[in-house]
file coords24.cif (mmCIF, C-alpha atoms and all ligand atoms)
data_coords
#
loop_
_atom_site.label_atom_id
_atom_site.label_comp_id
_atom_site.auth_asym_id
_atom_site.auth_seq_id
_atom_site.Cartn_x
_atom_site.Cartn_y
_atom_site.Cartn_z
CA MET A 1 -11.08 -2.44 -16.70
CA SER A 2 -13.77 -1.45 -14.21
CA LEU A 3 -13.03 0.65 -11.14
CA ALA A 4 -14.01 -2.22 -8.86
CA LYS A 5 -11.66 -4.62 -10.64
CA ARG A 6 -8.78 -2.16 -10.38
CA CYS A 7 -9.29 -2.00 -6.61
CA ILE A 8 -8.80 -5.75 -6.15
CA PRO A 9 -5.37 -6.42 -4.67
CA ASP A 10 -3.07 -8.92 -6.37
CA TYR A 11 -2.21 -10.31 -2.94
CA TYR A 12 -3.44 -9.86 0.60
CA PHE A 13 -1.44 -10.34 3.79
CA LYS A 14 -2.27 -9.44 7.38
CA SER A 15 0.58 -6.95 7.73
CA ILE A 16 3.89 -5.92 6.18
CA TYR A 17 5.53 -8.57 8.38
CA ALA A 18 3.38 -11.38 6.96
CA ILE A 19 4.06 -10.63 3.28
CA ASP A 20 5.72 -13.43 1.32
CA TYR A 21 8.66 -11.38 0.07
CA GLN A 22 10.37 -14.44 -1.35
CA MET A 23 7.37 -14.97 -3.63
CA LEU A 24 7.49 -11.32 -4.72
CA LYS A 25 11.19 -11.70 -5.47
CA GLU A 26 10.47 -14.77 -7.57
CA GLN A 27 7.85 -12.72 -9.45
CA GLY A 28 10.62 -10.31 -10.43
CA VAL A 29 9.85 -7.57 -7.92
CA LYS A 30 12.89 -5.36 -7.35
CA ALA A 31 11.33 -2.33 -5.65
CA LEU A 32 8.82 -2.07 -2.82
CA PHE A 33 6.76 1.12 -2.49
CA PHE A 34 5.34 1.29 1.03
CA ASP A 35 2.38 3.45 1.92
CA LEU A 36 3.08 5.20 5.23
CA ASP A 37 -0.09 5.88 7.20
CA ASN A 38 -1.68 2.78 8.63
CA THR A 39 0.69 0.58 6.61
CA LEU A 40 4.01 1.32 8.35
CA ILE A 41 2.70 3.42 11.26
CA ALA A 42 -0.67 4.44 12.74
CA TYR A 43 -1.89 7.97 12.08
CA ASP A 44 -1.27 8.87 15.70
CA GLU A 45 2.39 7.85 15.51
CA THR A 46 5.13 9.96 13.98
CA GLN A 47 8.13 7.61 13.83
CA LEU A 48 8.82 4.14 12.50
CA SER A 49 9.39 1.77 15.41
CA ALA A 50 12.81 0.18 15.92
CA HIS A 51 11.20 -3.12 14.98
CA THR A 52 9.86 -1.74 11.68
CA LEU A 53 13.19 -0.10 10.85
CA GLU A 54 15.03 -3.33 11.48
CA PHE A 55 12.55 -5.23 9.33
CA LEU A 56 12.76 -2.77 6.42
CA ASN A 57 16.54 -2.65 6.62
CA ALA A 58 16.67 -6.43 6.24
CA LEU A 59 14.48 -6.12 3.14
CA LEU A 60 17.03 -3.75 1.60
CA GLU A 61 19.23 -6.76 0.91
CA ASP A 62 16.75 -7.89 -1.74
CA PHE A 63 14.72 -4.80 -2.66
CA LYS A 64 14.89 -1.07 -3.18
CA ILE A 65 12.44 0.71 -0.86
CA VAL A 66 10.49 3.93 -1.30
CA VAL A 67 7.90 5.28 1.14
CA ILE A 68 5.06 6.88 -0.78
CA SER A 69 2.43 8.85 1.08
CA ASN A 70 -0.39 11.31 0.49
CA SER A 71 0.61 13.08 3.70
CA ASN A 72 2.60 16.30 3.85
CA TYR A 73 6.38 16.77 3.75
CA GLN A 74 6.70 17.34 7.47
CA ARG A 75 5.01 14.09 8.43
CA VAL A 76 6.56 11.89 5.75
CA SER A 77 10.11 13.23 6.15
CA LYS A 78 9.97 12.78 9.92
CA ALA A 79 8.82 9.17 9.69
CA ALA A 80 10.60 7.97 6.56
CA HIS A 81 13.83 9.97 6.29
CA LYS A 82 15.93 6.78 6.40
CA TYR A 83 14.58 5.83 2.95
CA PRO A 84 13.78 7.63 -0.27
CA PHE A 85 10.27 9.03 0.14
CA VAL A 86 7.51 10.76 -1.79
CA TRP A 87 5.02 13.11 -0.08
CA HIS A 88 1.75 14.55 -1.42
CA ALA A 89 1.62 11.51 -3.68
CA ALA A 90 -2.07 12.16 -4.47
CA LYS A 91 -2.97 8.49 -4.76
CA PRO A 92 -5.20 7.29 -6.49
CA MET A 93 -3.57 9.52 -9.11
CA ILE A 94 -0.26 8.19 -10.36
CA LYS A 95 1.94 11.28 -10.27
CA GLY A 96 3.46 10.27 -6.94
CA LEU A 97 4.17 6.79 -8.24
CA LYS A 98 5.99 8.33 -11.19
CA ARG A 99 8.14 10.32 -8.76
CA ALA A 100 8.83 7.17 -6.77
CA LEU A 101 9.75 5.22 -9.89
CA LYS A 102 12.44 7.76 -10.75
CA LYS A 103 14.04 7.08 -7.37
CA VAL A 104 14.46 3.35 -8.03
CA ASP A 105 15.30 3.32 -11.74
CA GLU A 106 13.38 0.10 -12.40
CA PRO A 107 10.67 -0.72 -14.93
CA ILE A 108 7.10 -0.53 -13.56
CA GLU A 109 6.71 -4.33 -13.76
CA HIS A 110 9.44 -4.69 -11.14
CA VAL A 111 7.53 -2.55 -8.63
CA CYS A 112 5.13 -3.66 -5.90
CA LEU A 113 3.02 -1.17 -3.96
CA ILE A 114 2.05 -2.18 -0.43
CA GLY A 115 -0.79 -0.32 1.26
CA ASP A 116 -3.88 -0.49 3.43
CA GLN A 117 -6.51 1.16 1.22
CA LEU A 118 -8.32 -0.05 -1.87
CA MET A 119 -9.37 3.35 -3.20
CA THR A 120 -5.97 4.96 -2.98
CA ASP A 121 -3.21 2.33 -2.84
CA MET A 122 -4.64 -0.57 -4.86
CA LEU A 123 -6.30 1.69 -7.42
CA SER A 124 -3.20 3.81 -8.02
CA ALA A 125 -0.99 0.72 -8.30
CA HIS A 126 -3.20 -0.80 -10.98
CA ARG A 127 -3.57 2.46 -12.86
CA PHE A 128 0.20 2.66 -12.83
CA GLY A 129 0.67 -0.96 -13.84
CA CYS A 130 2.53 -2.39 -10.86
CA ILE A 131 1.74 -5.20 -8.43
CA ALA A 132 -0.57 -4.28 -5.53
CA VAL A 133 -0.39 -5.86 -2.09
CA LEU A 134 -3.07 -5.10 0.50
CA VAL A 135 -2.46 -5.25 4.25
CA ASN A 136 -4.75 -4.59 7.20
CA PRO A 137 -4.54 -1.05 8.59
CA VAL A 138 -2.11 -0.88 11.53
CA LYS A 139 -4.72 0.79 13.71
CA ARG A 140 -8.12 1.16 12.16
CA THR A 141 -9.48 3.64 14.70
CA SER A 142 -6.73 6.12 13.88
CA ASP A 143 -8.00 6.82 10.34
CA ARG A 144 -8.11 10.54 9.57
CA TRP A 145 -11.30 12.22 8.32
CA MET A 146 -10.18 11.97 4.67
CA THR A 147 -9.63 8.27 5.10
CA LYS A 148 -12.95 7.86 6.86
CA ILE A 149 -14.63 9.32 3.76
CA ASN A 150 -12.56 7.03 1.52
CA ARG A 151 -13.70 4.09 3.62
CA ILE A 152 -17.36 4.88 2.79
CA PHE A 153 -16.61 4.64 -0.95
CA GLU A 154 -14.48 1.61 -0.24
CA LYS A 155 -17.47 -0.16 1.28
CA CYS A 156 -19.47 0.37 -1.93
CA VAL A 157 -16.59 -0.92 -4.06
CA ILE A 158 -16.13 -3.93 -1.81
CA LYS A 159 -19.82 -4.75 -2.11
CA ARG A 160 -19.54 -4.64 -5.91
CA ILE A 161 -16.39 -6.80 -5.89
CA SER A 162 -18.08 -9.37 -3.63
CA LYS A 163 -20.92 -9.68 -6.15
CA LYS A 164 -19.03 -9.49 -9.43
CA TYR A 165 -15.73 -11.13 -8.48
CA ALA A 166 -16.73 -13.55 -5.73
CA ASP A 167 -13.62 -15.72 -6.02
CA ALA A 168 -11.20 -12.80 -5.78
CA TYR A 169 -13.24 -11.44 -2.89
CA ALA A 170 -13.06 -14.69 -0.96
CA GLU A 171 -9.34 -15.07 -1.65
CA ARG A 172 -8.03 -11.53 -1.20
CA LEU A 173 -10.60 -9.34 0.52
CA LYS A 174 -12.81 -11.27 2.90
CA GLU A 175 -10.29 -11.37 5.72
CA TYR A 176 -9.39 -7.70 5.19
CA VAL A 177 -13.06 -6.74 5.39
CA GLU A 178 -13.54 -8.77 8.55
CA ASN A 179 -10.52 -7.08 10.10
CA THR A 180 -11.16 -3.61 8.82
CA LEU A 181 -14.76 -2.57 8.32
MG MG B 1 -2.61 4.20 4.30
#

call {"tool": "encode", "arguments": {"input": "coords24.cif", "output": "structure tokens", "more": "lines below"}}
Ligand SMILES: [Mg+2]
result
Amino acid sequence: MSLAKRCIPDYYFKSIYAIDYQMLKEQGVKALFFDLDNTLIAYDETQLSAHTLEFLNALLEDFKIVVISNSNYQRVSKAAHKYPFVWHAAKPMIKGLKRALKKVDEPIEHVCLIGDQLMTDMLSAHRFGCIAVLVNPVKRTSDRWMTKINRIFEKCVIKRISKKYADAYAERLKEYVENTL
């Protein structure tokens, strides 16, 4: 499978709050792996808001939750200590996803990764073999320099997807691009 194809999300929603979790449940999803930066909080925030905590806690009735981030221990533990978490996940590599999988004790097919980046979150999810849900970044302008570089590559990949996979682009990426780039 081409790199571009692996970066195409299985589903797109505006934010973690807009995701159709019932649909994911019906698809057999038992564990949700949430990216941290710009998925649950902006880069310039350090704590999950009370609203986000309440929302995630309600999801625990139906799903296991792991927060999986490329950020360091200090940042991830401070923000996500209420849940199992993985730091230095090194997405788009899959070693962090393997660590996260051990925490939920579910087969890969029962896992859904939710994140805001194609080149790290979507790509790692598809390399790993789980479902990939894309959301808009919480606060686009707060991207760190690493992410800004990723976004340049992301633009190239998006261009290729829009040419080669026009239907998937229209369905799952157009709105993200309009909101993000
Ligand atoms: Mg992110």

call {"tool": "residues_around", "arguments": {"input": "coords24.cif", "residues": "His110 in chain A", "least_positions_apart": "4", "cutoff": "9 Å", "atoms": "all atoms listed in the file", "output": "NGL selection string"}}
result
:A and (27-32 or 106 or 130-131)

call {"tool": "atom_distance", "arguments": {"input": "coords24.cif", "atom1": "CA of Tyr169 in chain A", "atom2": "CA of Pro137 in chain A"}}
result
17.8 Å

call {"tool": "residues_near_point", "arguments": {"input": "coords24.cif", "point": "(-4.6, 10.7, 13.6)", "cutoff": "10 Å", "atoms": "all atoms listed in the file", "output": "list of chain:residue names"}}
result
A:Asp37, A:Asn38, A:Ala42, A:Tyr43, A:Asp44, A:Glu45, A:Thr46, A:Lys139, A:Thr141, A:Ser142, A:Asp143, A:Arg144, A:Trp145

call {"tool": "write_last_selection", "arguments": {"input": "coords24.cif", "atoms": "C-alpha atoms", "output": "PDB file, in the frame of the given file"}}
result
ATOM      1  CA  ASP A  37      -0.090   5.880   7.200  1.00  0.00           C
ATOM      2  CA  ASN A  38      -1.680   2.780   8.630  1.00  0.00           C
ATOM      3  CA  ALA A  42      -0.670   4.440  12.740  1.00  0.00           C
ATOM      4  CA  TYR A  43      -1.890   7.970  12.080  1.00  0.00           C
ATOM      5  CA  ASP A  44      -1.270   8.870  15.700  1.00  0.00           C
ATOM      6  CA  GLU A  45       2.390   7.850  15.510  1.00  0.00           C
ATOM      7  CA  THR A  46       5.130   9.960  13.980  1.00  0.00           C
ATOM      8  CA  LYS A 139      -4.720   0.790  13.710  1.00  0.00           C
ATOM      9  CA  THR A 141      -9.480   3.640  14.700  1.00  0.00           C
ATOM     10  CA  SER A 142      -6.730   6.120  13.880  1.00  0.00           C
ATOM     11  CA  ASP A 143      -8.000   6.820  10.340  1.00  0.00           C
ATOM     12  CA  ARG A 144      -8.110  10.540   9.570  1.00  0.00           C
ATOM     13  CA  TRP A 145     -11.300  12.220   8.320  1.00  0.00           C
TER      14      TRP A 145
END

call {"tool": "atom_distance", "arguments": {"input": "coords24.cif", "atom1": "CA of Tyr176 in chain A", "atom2": "CA of Leu97 in chain A"}}
result
24.0 Å

call {"tool": "residues_around", "arguments": {"input": "coords24.cif", "residues": "range 146-162 of chain A", "least_positions_apart": "3", "cutoff": "12 Å", "atoms": "all atoms listed in the file", "output": "number ranges by chain"}}
result
A: 2-9, 37-38, 43, 70-71, 91-92, 116-123, 137, 140-143, 165-174, 176-178, 180-181

call {"tool": "residues_around", "arguments": {"input": "coords24.cif", "residues": "Asp20 in chain A", "least_positions_apart": "4", "cutoff": "12 Å", "atoms": "all atoms listed in the file", "output": "list in words"}}
result
Tyr11, Tyr12, Phe13, Lys14, Ser15, Ile16, Leu24, Lys25, Glu26, Gln27, Val29, Leu59, Ile114, Val133 and Val135 of chain A

call {"tool": "closest_residue", "arguments": {"input": "coords24.cif", "among": "A:Lys82, A:Ser69, A:Gln22, A:Val104", "to": "ligand MG 1 (chain B)", "atoms": "all atoms listed in the file"}}
result
A:Ser69

call {"tool": "closest_residue", "arguments": {"input": "coords24.cif", "among": "A:Ala80, A:Met23, A:Ile68, A:Ala125", "to": "ligand MG 1 (chain B)", "atoms": "only C-alpha atoms and all ligand atoms"}}
result
A:Ile68

call {"tool": "closest_residue", "arguments": {"input": "coords24.cif", "among": "A:Leu56, A:Met1, A:Ile65, A:Ile41", "to": "Lys103 in chain A", "atoms": "only C-alpha atoms"}}
result
A:Ile65

call {"tool": "closest_residue", "arguments": {"input": "coords24.cif", "among": "A:Phe128, A:Phe34, A:Tyr73, A:Trp87", "to": "ligand MG 1 (chain B)", "atoms": "all atoms listed in the file"}}
result
A:Phe34

call {"tool": "closest_residue", "arguments": {"input": "coords24.cif", "among": "A:Asn136, A:Glu109, A:Ser77, A:Glu175", "to": "ligand MG 1 (chain B)", "atoms": "all atoms listed in the file"}}
result
A:Asn136

call {"tool": "closest_residue", "arguments": {"input": "coords24.cif", "among": "A:Ser124, A:Ala89, A:Gly129, A:Phe55", "to": "Pro107 in chain A", "atoms": "only C-alpha atoms"}}
result
A:Gly129

call {"tool": "atom_distance", "arguments": {"input": "coords24.cif", "atom1": "CA of Asp62 in chain A", "atom2": "CA of Met93 in chain A"}}
result
27.8 Å

call {"tool": "decode", "arguments": {"input": "coords24.cif", "residues": "range 44-67 of chain A", "atoms": "N, CA and C atoms", "output": "short mmCIF file (atom, residue, chain, number, x, y, z; two decimals), in the first residue's frame"}}
result
data_model
loop_
_atom_site.label_atom_id
_atom_site.label_comp_id
_atom_site.auth_asym_id
_atom_site.auth_seq_id
_atom_site.Cartn_x
_atom_site.Cartn_y
_atom_site.Cartn_z
N ASP A 44 -0.04 24.69 23.76
CA ASP A 44 0.26 25.67 24.81
C ASP A 44 -0.59 25.45 26.07
N GLU A 45 -1.25 24.30 26.14
CA GLU A 45 -1.95 23.92 27.37
C GLU A 45 -1.22 22.73 28.00
N THR A 46 -1.39 22.57 29.31
CA THR A 46 -0.69 21.46 29.95
C THR A 46 -1.64 20.46 30.62
N GLN A 47 -2.92 20.84 30.74
CA GLN A 47 -3.87 19.98 31.44
C GLN A 47 -5.11 19.75 30.59
N LEU A 48 -5.72 18.58 30.73
CA LEU A 48 -7.02 18.36 30.10
C LEU A 48 -8.05 19.23 30.81
N SER A 49 -8.93 19.83 30.06
CA SER A 49 -9.96 20.67 30.68
C SER A 49 -10.97 19.78 31.43
N ALA A 50 -11.72 20.38 32.33
CA ALA A 50 -12.74 19.64 33.07
C ALA A 50 -13.75 19.04 32.09
N HIS A 51 -14.05 19.79 31.05
CA HIS A 51 -14.99 19.34 30.03
C HIS A 51 -14.46 18.09 29.31
N THR A 52 -13.19 18.11 28.95
CA THR A 52 -12.59 16.96 28.26
C THR A 52 -12.53 15.74 29.18
N LEU A 53 -12.16 15.98 30.44
CA LEU A 53 -12.11 14.87 31.40
C LEU A 53 -13.48 14.22 31.56
N GLU A 54 -14.48 15.05 31.68
CA GLU A 54 -15.84 14.55 31.84
C GLU A 54 -16.26 13.73 30.62
N PHE A 55 -15.91 14.25 29.46
CA PHE A 55 -16.25 13.58 28.20
C PHE A 55 -15.54 12.21 28.10
N LEU A 56 -14.25 12.20 28.40
CA LEU A 56 -13.49 10.94 28.31
C LEU A 56 -13.99 9.94 29.35
N ASN A 57 -14.30 10.43 30.54
CA ASN A 57 -14.78 9.53 31.58
C ASN A 57 -16.10 8.86 31.19
N ALA A 58 -16.94 9.60 30.48
CA ALA A 58 -18.19 9.00 30.00
C ALA A 58 -17.90 7.91 28.97
N LEU A 59 -16.86 8.13 28.16
CA LEU A 59 -16.51 7.12 27.15
C LEU A 59 -16.00 5.82 27.77
N LEU A 60 -15.48 5.93 29.01
CA LEU A 60 -14.94 4.74 29.69
C LEU A 60 -16.01 3.68 29.94
N GLU A 61 -17.27 4.07 29.86
CA GLU A 61 -18.34 3.08 30.03
C GLU A 61 -18.35 2.09 28.87
N ASP A 62 -17.91 2.53 27.70
CA ASP A 62 -17.94 1.68 26.52
C ASP A 62 -16.56 1.27 25.99
N PHE A 63 -15.53 2.03 26.35
CA PHE A 63 -14.21 1.80 25.75
C PHE A 63 -13.11 1.86 26.81
N LYS A 64 -12.01 1.16 26.49
CA LYS A 64 -10.77 1.40 27.22
C LYS A 64 -10.09 2.59 26.54
N ILE A 65 -9.39 3.39 27.32
CA ILE A 65 -8.74 4.59 26.77
C ILE A 65 -7.25 4.58 27.10
N VAL A 66 -6.43 4.89 26.08
CA VAL A 66 -5.01 5.14 26.30
C VAL A 66 -4.66 6.44 25.59
N VAL A 67 -3.87 7.28 26.24
CA VAL A 67 -3.35 8.49 25.60
C VAL A 67 -1.96 8.15 25.08
#
